[in-house]
Amino acid sequence: MKKIILLFFFSAFFFGVNAQNSSSSWELSGNANTSSRNFLGTTDCRPLIFKTRNIERMRLLSDRSFLGIGVSDPQVPLHVHYQTDPISCSSSKIPSISGLMALTTSNLGSFHILMSNSSHAKAIYLSQSEETQLIIGRVDASTILQGKIGVGTWSPQQKLHIKDGNMLISKTFSGTYNGAILFTDTGDEDPFEHPLWSIQYLNNGLNFDRRAPYVAWPPPPPYLFIADNGNVGLANNNPQAKLDVNGSFRATSANITDTLTANTLRATGALSAQSASIIGTTHLNGNVGIGIAPGQERLNVNGSFRATSANITNTLTAGTLTSNGALNAQTANITGTATANALSAQSAKIDGLLCAKEIRVSLSGAPCWPDFVFGKDYKLPTLSEVEQFIAENQHLPNIPSAAEVEANGIELGEMNVLLLQKVEELTLYIIQMEKRLSELENKKGGE
């Protein structure tokens with residue numbers, strides 16, 4: 001303590017401290033009855049300089065309240081510059097705290113500021129000697145840090161770079177944007193006055209949302225919600241499945257191993273689901289396989305197929321077909337049972353049972369119906385000619401043989417025309433026989 005007082009004494013004496021009498025000077029043993037005349041400083045336009053070993057250590061400017069430590073031209077009210085003394089004293093002790101400035105107390109540890117060192121020049125280091133809190137800025141004020149900040153790294157690559165560590169965001173109440181990460185493009189303007197994106201833990205899940213300013217509480221469901229149980233909701237903060245979509249769903253391809261439930265479903269590629277319940281419109285822009293992988297057809301069904309009505313512009317291939325309404329197809333190939341209220345097809349192949357309330361066959365060509373049998377110019381074959389043809393060919397004239405049917409099948413419309421023709425010919429044969437019987441009975445009655 002005496003050395004410090006001695007230092008101030010000599011400094012005051014060197015810079016013109018008035019030491020003419022004890023009532024107006026600073027004494028080594030203390031001062032009493034101090035007044036405005038007792039001060040340490042200068043009365044002219046000269047700075048106040050403190051030296052040790054005749055080397056300037058500190059300077060207080062005369063025209064400004066700027067104090068420089070280690071610098072003779074301070075640029076700010078407190079300007080500290082670290083310098084190395086070219087002449088060392090053998091009695092000098094190595095300081096226990098390295099850095100540019102240290103603030104210490106008796107019970108709260110210490111705080112250090114180090115501007116640079118040999119390995120990391122042009123850097124600012126804040127350190128503590130004990131595990132105490134390091135706070136930058138006031139509790140009720142904002143802190144603006146310019147440049148890149150690294151946590152756990154000497155070379156941050158972004159504005160905030162955390163290496164080998166975690167970042168924790170906590171909150172005290174479930175309010176809008178409390179404990180949230182906000183994204184906006186408004187620059188330095190207030191983001192709450194503009195639409196913004198936010199990531200926030202709320203309602204037992206992680207919310208990804210875009211909000212307009214001053215949204216009423218509670219807010220609508222977020223765009224994306226990840227619940228604590230792992231379920232994901234789109235426009236739905238209470239997902240009941242791994243993916244719960246409140247609205248339209250569109251995918252190039254989708255493979256769902258469990259139940260799919262959606263109001264509207266749109267897929268431009270493959271869609272595979274164990275069970276699908278779709279309330280609204282469904283648009284599939286690709287081949288669909290049910291019970292089997294999608295093939296070259298738009299719809300490939302391995303098993304039963306049931307529809308209120310169906311309009312198929314290309315080939316329909318199914319094992320079993322059940323339709324409560326009309327079924328229209330350019331080509332139908334059914335290997336099992338086919339049941340429909342109405343079946344309309346240019347070409348239909350059914351290897352199994354066909355059950356329908358009505359089947360309509362469109363015929364083309366002339367003649368398309370055998371009414372020509374009743375024409376005056378039609379030459380009805382005699383029964384003797386028919387008998388001779390049957391004996392030679394084992395089938396009726398104009399009717400395909402069993403071998404032909406086995407090899408080529410039959411055309412339903414064409415076969416109905418041929419069968420009706422035979423019915424009409426039989427009708428003519430019966431009329432002829434009726435006339436002959438009437439003639440015989442008349443002859444017998446005349447006798």
# chains A, B, ... in the order shown; residues from 1 in each chain; ligands from 1
call {"tool": "residues_around", "arguments": {"residues": "segment 318-330 of chain A", "least_positions_apart": "6", "cutoff": "8 Å", "atoms": "only C-alpha atoms", "output": "tab-separated table (two decimals) with N, CA, C and O atoms, in the first residue's frame"}}
result
chain	number	residue	atom	x	y	z
A	300	ASN	N	-54.96	-53.49	-62.69
A	300	ASN	CA	-54.67	-54.93	-62.69
A	300	ASN	C	-55.15	-55.48	-61.35
A	300	ASN	O	-54.60	-55.17	-60.30
A	301	VAL	N	-56.22	-56.32	-61.40
A	301	VAL	CA	-56.85	-56.82	-60.19
A	301	VAL	C	-56.63	-58.32	-60.09
A	301	VAL	O	-56.96	-59.06	-61.02
A	302	ASN	N	-56.05	-58.74	-58.97
A	302	ASN	CA	-55.89	-60.17	-58.70
A	302	ASN	C	-56.91	-60.55	-57.63
A	302	ASN	O	-56.64	-60.50	-56.43
A	303	GLY	N	-58.12	-60.91	-58.06
A	303	GLY	CA	-59.18	-61.23	-57.13
A	303	GLY	C	-60.48	-60.61	-57.58
A	303	GLY	O	-60.67	-60.31	-58.76
A	304	SER	N	-61.40	-60.42	-56.66
A	304	SER	CA	-62.72	-59.90	-56.98
A	304	SER	C	-62.65	-58.41	-57.30
A	304	SER	O	-61.85	-57.68	-56.74
A	305	PHE	N	-63.54	-58.02	-58.21
A	305	PHE	CA	-63.65	-56.62	-58.59
A	305	PHE	C	-65.12	-56.25	-58.53
A	305	PHE	O	-65.97	-56.89	-59.17
A	306	ARG	N	-65.46	-55.24	-57.74
A	306	ARG	CA	-66.85	-54.85	-57.56
A	306	ARG	C	-66.97	-53.35	-57.73
A	306	ARG	O	-66.19	-52.59	-57.17
A	307	ALA	N	-67.98	-52.92	-58.51
A	307	ALA	CA	-68.17	-51.50	-58.76
A	307	ALA	C	-69.63	-51.22	-59.00
A	307	ALA	O	-70.35	-52.06	-59.56
A	308	THR	N	-70.10	-50.06	-58.57
A	308	THR	CA	-71.47	-49.64	-58.87
A	308	THR	C	-71.62	-49.41	-60.37
A	308	THR	O	-72.60	-49.83	-60.99
A	309	SER	N	-70.65	-48.78	-60.98
A	309	SER	CA	-70.60	-48.63	-62.43
A	309	SER	C	-69.15	-48.42	-62.82
A	309	SER	O	-68.36	-47.89	-62.04
A	310	ALA	N	-68.78	-48.85	-64.02
A	310	ALA	CA	-67.41	-48.73	-64.49
A	310	ALA	C	-67.40	-48.44	-65.98
A	310	ALA	O	-68.19	-49.02	-66.73
A	311	ASN	N	-66.52	-47.55	-66.39
A	311	ASN	CA	-66.35	-47.21	-67.79
A	311	ASN	C	-64.88	-47.38	-68.14
A	311	ASN	O	-64.05	-46.57	-67.74
A	312	ILE	N	-64.55	-48.42	-68.85
A	312	ILE	CA	-63.17	-48.78	-69.16
A	312	ILE	C	-62.99	-48.64	-70.67
A	312	ILE	O	-63.65	-49.33	-71.45
A	336	GLY	N	-62.88	-65.53	-64.14
A	336	GLY	CA	-63.75	-66.09	-63.12
A	336	GLY	C	-65.19	-65.69	-63.35
A	336	GLY	O	-65.66	-65.55	-64.49
A	337	THR	N	-65.92	-65.49	-62.27
A	337	THR	CA	-67.33	-65.12	-62.34
A	337	THR	C	-67.46	-63.63	-62.63
A	337	THR	O	-66.77	-62.80	-62.06
A	338	ALA	N	-68.37	-63.30	-63.56
A	338	ALA	CA	-68.66	-61.92	-63.89
A	338	ALA	C	-70.12	-61.63	-63.59
A	338	ALA	O	-71.02	-62.32	-64.11
A	339	THR	N	-70.39	-60.68	-62.72
A	339	THR	CA	-71.74	-60.29	-62.34
A	339	THR	C	-71.88	-58.80	-62.55
A	339	THR	O	-71.11	-58.02	-62.01
A	340	ALA	N	-72.85	-58.40	-63.37
A	340	ALA	CA	-73.05	-56.98	-63.65
A	340	ALA	C	-74.49	-56.74	-64.03
A	340	ALA	O	-75.17	-57.63	-64.58
A	341	ASN	N	-74.99	-55.54	-63.69
A	341	ASN	CA	-76.33	-55.15	-64.12
A	341	ASN	C	-76.37	-54.97	-65.64
A	341	ASN	O	-77.34	-55.34	-66.29
A	342	ALA	N	-75.32	-54.40	-66.17
A	342	ALA	CA	-75.24	-54.19	-67.62
A	342	ALA	C	-73.79	-54.28	-68.04
A	342	ALA	O	-72.91	-53.70	-67.40
A	343	LEU	N	-73.53	-55.05	-69.10
A	343	LEU	CA	-72.19	-55.22	-69.62
A	343	LEU	C	-72.17	-54.81	-71.07
A	343	LEU	O	-72.92	-55.34	-71.89
A	344	SER	N	-71.32	-53.83	-71.41
A	344	SER	CA	-71.18	-53.34	-72.77
A	344	SER	C	-69.72	-53.43	-73.16
A	344	SER	O	-68.87	-52.79	-72.54
A	345	ALA	N	-69.43	-54.23	-74.17
A	345	ALA	CA	-68.05	-54.41	-74.60
A	345	ALA	C	-68.02	-54.75	-76.08
A	345	ALA	O	-68.89	-55.47	-76.57
A	346	GLN	N	-67.03	-54.21	-76.79
A	346	GLN	CA	-66.83	-54.60	-78.17
A	346	GLN	C	-66.33	-56.03	-78.27
A	346	GLN	O	-66.64	-56.76	-79.20
A	347	SER	N	-65.49	-56.41	-77.28
A	347	SER	CA	-64.98	-57.78	-77.25
A	347	SER	C	-64.93	-58.22	-75.80
A	347	SER	O	-64.41	-57.50	-74.94
call {"tool": "residues_around", "arguments": {"residues": "Gly413 of chain A", "least_positions_apart": "2", "cutoff": "10 Å", "atoms": "only C-alpha atoms", "output": "ChimeraX atom specification"}}
result
/A:360-364,368-369,410-411,415-418
call {"tool": "write_last_selection", "arguments": {"atoms": "N, CA, C and O atoms", "output": "PDB file, in the first residue's frame"}}
result
ATOM      1  N   ARG A 360     -76.260 -56.530 -73.315  1.00  0.00           N
ATOM      2  CA  ARG A 360     -76.587 -55.903 -74.593  1.00  0.00           C
ATOM      3  C   ARG A 360     -75.417 -56.089 -75.540  1.00  0.00           C
ATOM      4  O   ARG A 360     -74.283 -55.756 -75.214  1.00  0.00           O
ATOM      5  N   VAL A 361     -75.749 -56.661 -76.746  1.00  0.00           N
ATOM      6  CA  VAL A 361     -74.728 -56.917 -77.750  1.00  0.00           C
ATOM      7  C   VAL A 361     -75.029 -56.052 -78.968  1.00  0.00           C
ATOM      8  O   VAL A 361     -76.133 -56.104 -79.519  1.00  0.00           O
ATOM      9  N   SER A 362     -74.097 -55.260 -79.380  1.00  0.00           N
ATOM     10  CA  SER A 362     -74.256 -54.416 -80.571  1.00  0.00           C
ATOM     11  C   SER A 362     -73.752 -55.183 -81.780  1.00  0.00           C
ATOM     12  O   SER A 362     -72.635 -55.722 -81.773  1.00  0.00           O
ATOM     13  N   LEU A 363     -74.589 -55.242 -82.842  1.00  0.00           N
ATOM     14  CA  LEU A 363     -74.238 -55.974 -84.062  1.00  0.00           C
ATOM     15  C   LEU A 363     -74.010 -54.986 -85.195  1.00  0.00           C
ATOM     16  O   LEU A 363     -74.603 -53.916 -85.240  1.00  0.00           O
ATOM     17  N   SER A 364     -73.159 -55.373 -86.109  1.00  0.00           N
ATOM     18  CA  SER A 364     -72.872 -54.553 -87.282  1.00  0.00           C
ATOM     19  C   SER A 364     -72.816 -55.459 -88.500  1.00  0.00           C
ATOM     20  O   SER A 364     -72.696 -56.677 -88.386  1.00  0.00           O
ATOM     21  N   CYS A 368     -77.870 -58.012 -90.209  1.00  0.00           N
ATOM     22  CA  CYS A 368     -77.513 -58.160 -88.816  1.00  0.00           C
ATOM     23  C   CYS A 368     -78.568 -58.940 -88.037  1.00  0.00           C
ATOM     24  O   CYS A 368     -78.337 -59.289 -86.884  1.00  0.00           O
ATOM     25  N   TRP A 369     -79.707 -59.216 -88.681  1.00  0.00           N
ATOM     26  CA  TRP A 369     -80.776 -59.964 -87.988  1.00  0.00           C
ATOM     27  C   TRP A 369     -81.480 -60.854 -89.027  1.00  0.00           C
ATOM     28  O   TRP A 369     -81.708 -60.427 -90.150  1.00  0.00           O
ATOM     29  N   ILE A 410     -66.965 -68.725 -79.804  1.00  0.00           N
ATOM     30  CA  ILE A 410     -68.099 -68.189 -80.558  1.00  0.00           C
ATOM     31  C   ILE A 410     -68.247 -66.712 -80.244  1.00  0.00           C
ATOM     32  O   ILE A 410     -67.868 -66.240 -79.188  1.00  0.00           O
ATOM     33  N   GLU A 411     -68.813 -66.019 -81.218  1.00  0.00           N
ATOM     34  CA  GLU A 411     -69.207 -64.632 -81.022  1.00  0.00           C
ATOM     35  C   GLU A 411     -70.659 -64.642 -80.568  1.00  0.00           C
ATOM     36  O   GLU A 411     -71.533 -65.176 -81.254  1.00  0.00           O
ATOM     37  N   MET A 415     -73.706 -65.768 -82.884  1.00  0.00           N
ATOM     38  CA  MET A 415     -74.353 -67.037 -82.589  1.00  0.00           C
ATOM     39  C   MET A 415     -75.837 -66.847 -82.332  1.00  0.00           C
ATOM     40  O   MET A 415     -76.672 -67.665 -82.745  1.00  0.00           O
ATOM     41  N   ASN A 416     -76.222 -65.758 -81.687  1.00  0.00           N
ATOM     42  CA  ASN A 416     -77.646 -65.500 -81.478  1.00  0.00           C
ATOM     43  C   ASN A 416     -78.374 -65.301 -82.806  1.00  0.00           C
ATOM     44  O   ASN A 416     -79.519 -65.719 -82.967  1.00  0.00           O
ATOM     45  N   VAL A 417     -77.687 -64.642 -83.766  1.00  0.00           N
ATOM     46  CA  VAL A 417     -78.291 -64.466 -85.097  1.00  0.00           C
ATOM     47  C   VAL A 417     -78.498 -65.815 -85.771  1.00  0.00           C
ATOM     48  O   VAL A 417     -79.576 -66.101 -86.358  1.00  0.00           O
ATOM     49  N   LEU A 418     -77.477 -66.697 -85.718  1.00  0.00           N
ATOM     50  CA  LEU A 418     -77.596 -68.011 -86.374  1.00  0.00           C
ATOM     51  C   LEU A 418     -78.665 -68.871 -85.706  1.00  0.00           C
ATOM     52  O   LEU A 418     -79.442 -69.564 -86.402  1.00  0.00           O
TER      53      LEU A 418
END
call {"tool": "residues_around", "arguments": {"residues": "Thr427 of chain A", "least_positions_apart": "6", "cutoff": "12 Å", "atoms": "only C-alpha atoms", "output": "VMD selection string"}}
result
chain A and resid 373 to 374 380 420 to 421 433 to 434
call {"tool": "write_last_selection", "arguments": {"atoms": "all heavy atoms", "output": "JSON list (two decimals), in the first residue's frame"}}
result
[["chain", "number", "residue", "atom", "x", "y", "z"],
["A", 373, "VAL", "N", -85.36, -64.60, -93.44],
["A", 373, "VAL", "CA", -85.92, -65.95, -93.58],
["A", 373, "VAL", "C", -87.39, -65.89, -93.97],
["A", 373, "VAL", "O", -87.90, -66.75, -94.71],
["A", 373, "VAL", "CB", -85.72, -66.74, -92.26],
["A", 373, "VAL", "CG1", -86.43, -68.09, -92.31],
["A", 373, "VAL", "CG2", -84.24, -66.94, -92.00],
["A", 374, "PHE", "N", -88.07, -64.85, -93.49],
["A", 374, "PHE", "CA", -89.50, -64.74, -93.78],
["A", 374, "PHE", "C", -89.78, -64.01, -95.09],
["A", 374, "PHE", "O", -90.94, -63.73, -95.42],
["A", 374, "PHE", "CB", -90.21, -64.02, -92.64],
["A", 374, "PHE", "CG", -90.09, -64.74, -91.32],
["A", 374, "PHE", "CD1", -89.74, -64.05, -90.18],
["A", 374, "PHE", "CD2", -90.34, -66.12, -91.24],
["A", 374, "PHE", "CE1", -89.63, -64.71, -88.97],
["A", 374, "PHE", "CE2", -90.23, -66.77, -90.03],
["A", 374, "PHE", "CZ", -89.88, -66.08, -88.89],
["A", 380, "LEU", "N", -86.02, -71.80, -98.56],
["A", 380, "LEU", "CA", -85.91, -72.62, -97.37],
["A", 380, "LEU", "C", -85.44, -74.01, -97.74],
["A", 380, "LEU", "O", -86.04, -74.67, -98.60],
["A", 380, "LEU", "CB", -87.27, -72.71, -96.66],
["A", 380, "LEU", "CG", -87.32, -73.51, -95.36],
["A", 380, "LEU", "CD1", -86.49, -72.82, -94.27],
["A", 380, "LEU", "CD2", -88.77, -73.69, -94.90],
["A", 420, "LEU", "N", -81.29, -67.78, -84.06],
["A", 420, "LEU", "CA", -82.61, -67.23, -84.40],
["A", 420, "LEU", "C", -82.99, -67.61, -85.82],
["A", 420, "LEU", "O", -84.17, -67.90, -86.11],
["A", 420, "LEU", "CB", -82.59, -65.71, -84.22],
["A", 420, "LEU", "CG", -83.91, -65.01, -84.53],
["A", 420, "LEU", "CD1", -85.03, -65.53, -83.63],
["A", 420, "LEU", "CD2", -83.76, -63.51, -84.37],
["A", 421, "GLN", "N", -82.00, -67.66, -86.69],
["A", 421, "GLN", "CA", -82.29, -68.08, -88.07],
["A", 421, "GLN", "C", -82.82, -69.50, -88.10],
["A", 421, "GLN", "O", -83.79, -69.79, -88.81],
["A", 421, "GLN", "CB", -81.03, -67.96, -88.93],
["A", 421, "GLN", "CG", -81.25, -68.39, -90.38],
["A", 421, "GLN", "CD", -79.99, -68.25, -91.22],
["A", 421, "GLN", "OE1", -79.03, -67.60, -90.79],
["A", 421, "GLN", "NE2", -79.99, -68.86, -92.40],
["A", 433, "MET", "N", -95.76, -78.16, -92.09],
["A", 433, "MET", "CA", -96.31, -79.41, -91.59],
["A", 433, "MET", "C", -97.77, -79.23, -91.15],
["A", 433, "MET", "O", -98.62, -80.12, -91.34],
["A", 433, "MET", "CB", -95.47, -79.93, -90.43],
["A", 433, "MET", "CG", -94.07, -80.35, -90.83],
["A", 433, "MET", "SD", -93.07, -80.88, -89.44],
["A", 433, "MET", "CE", -94.00, -82.30, -88.90],
["A", 434, "GLU", "N", -98.07, -78.04, -90.54],
["A", 434, "GLU", "CA", -99.45, -77.79, -90.12],
["A", 434, "GLU", "C", -100.39, -77.75, -91.31],
["A", 434, "GLU", "O", -101.52, -78.27, -91.26],
["A", 434, "GLU", "CB", -99.49, -76.46, -89.36],
["A", 434, "GLU", "CG", -100.86, -76.03, -88.91],
["A", 434, "GLU", "CD", -101.45, -76.98, -87.87],
["A", 434, "GLU", "OE1", -100.69, -77.68, -87.19],
["A", 434, "GLU", "OE2", -102.68, -76.98, -87.73]]
call {"tool": "atom_distance", "arguments": {"atom1": "atom CA of Gly295 of chain A", "atom2": "atom CA of Thr331 of chain A"}}
result
16.4 Å
call {"tool": "atom_distance", "arguments": {"atom1": "atom CA of Asn333 of chain A", "atom2": "atom CA of Glu414 of chain A"}}
result
18.7 Å
call {"tool": "residues_around", "arguments": {"residues": "Gln158 of chain A", "least_positions_apart": "4", "cutoff": "10 Å", "atoms": "only C-alpha atoms", "output": "ChimeraX atom specification"}}
result
/A:147-150,162
call {"tool": "select_by_dssp", "arguments": {"residues": "segment 179-402 of chain A", "states": "strand (DSSP E or B)", "output": "number ranges by chain"}}
result
A: 180-183, 196-201, 205-211, 224-227, 232-234, 243-245, 248-251, 254-262, 264-267, 271-278, 282-284, 288-290, 299-301, 304-307, 310-318, 320-334, 338-350, 354-359
call {"tool": "atom_distance", "arguments": {"atom1": "atom CA of Ile199 of chain A", "atom2": "atom CA of Asn237 of chain A"}}
result
13.7 Å
